[in-house]
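What follows is a set of notes on a single structure, which appears directly below.
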Amino acid sequence: MTVKKFNKTTLKKFRATLLNERNRINEDLDYQKSELNKTITDAAGELSSATYHMADVGTDMAEREKTSLFAHRQAKYLSDVDEALARVDDESYGVCAICGDLIEEGRLVAAPIAKYHVSCKETQNQRNHNQ
Ligand SMILES: [Zn+2]
């Protein structure tokens, strides 16, 4: 049985895609962090001001929670991208972790961190669901 893998040219292309993703997320995270700091400073300023409204602070809190949830998701995605890059390095990138066949290039272009075929993942989800 031959081990299935993408050729070096294709792997190189996906490495570039993944590195782009990583840069983009890092920029997003930096932006989010600076926005978050700004919100906290604003909220602190509001507390000492005369125009202090409970409702406004509540909205800020919800905003901040949303932002940190977003940052959390981005951080998770970032670690997935790093894992995918490691798979590019050992040339196992694009191989379905369930059936061992190559994942269609089109799917990887749309979702560069995909580890499974859509159909394999669905089957697995169903199995988990039935357990
Ligand atoms: Zn598969």
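Chains: A, B, ... in order of the structure tokens. Residues: from 1 per chain. Ligands: from 1, in order shown.
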Point to revise | Test item, helix (DSSP H, G or I) assignment across chain A, answer as number ranges by chain | key: A: 8-48, 54-89, 105-110, 118-130
Practice item. Fewer than 5 positions away in the same chain doesn't count, so skip those; otherwise give me all residues within 9 Å of range 8-22 of chain A, counting only C-alpha atoms, as a PyMOL selection string. Key: chain A and resi 27+77-78+81-82+84-85+88-89+91+93-94+105+108-109+112-113
Check your understanding: Could you state the separation of CA of Arg64 in chain A and CA of Asp28 in chain A in Å, given to one decimal place?
Key ->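 These atoms are spaced 15.4 Å apart.
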**Study point:** Environment of ligand 1 within 7 Å, counting only C-alpha atoms and all ligand atoms, reported as a list of chain:residue names
**Key:** A:Cys96, A:Ala97, A:Ile98, A:Cys99, A:Gly100, A:Asp101, A:Ile103, A:Tyr116, A:His117, A:Ser119, A:Cys120
Revision key, fill the gap. Counting only C-alpha atoms, the residue among A:Leu36, A:Gln74, A:Ser79, A:Asn7 that lies closest to Met61 in chain A is A:Leu36
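The space separating CA of Arg24 in chain A from CA of Ala86 in chain A comes to 18.4 Å.
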**Study point:** Among listed residues A:Ala62, A:Val118, A:Leu102, A:Ala71, nearest Asn26 in chain A (using only C-alpha atoms)
**Key:**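 When distances to Asn26 in chain A are compared using only C-alpha atoms, the smallest one comes from A:Ala71.
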Point to revise | Atomic separation - CA of Lys115 in chain A relative to CA of Asp30 in chain A, Å | key: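 Distance between the two atoms: 27.3 Å.
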Practice item. Have a look at A:Asp80, A:Ala110, A:Gln32, A:Ala75 and name the one nearest to Glu63 in chain A; count only C-alpha atoms. Key: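 That would be A:Gln32, the residue with the smallest distance to Glu63 in chain A.
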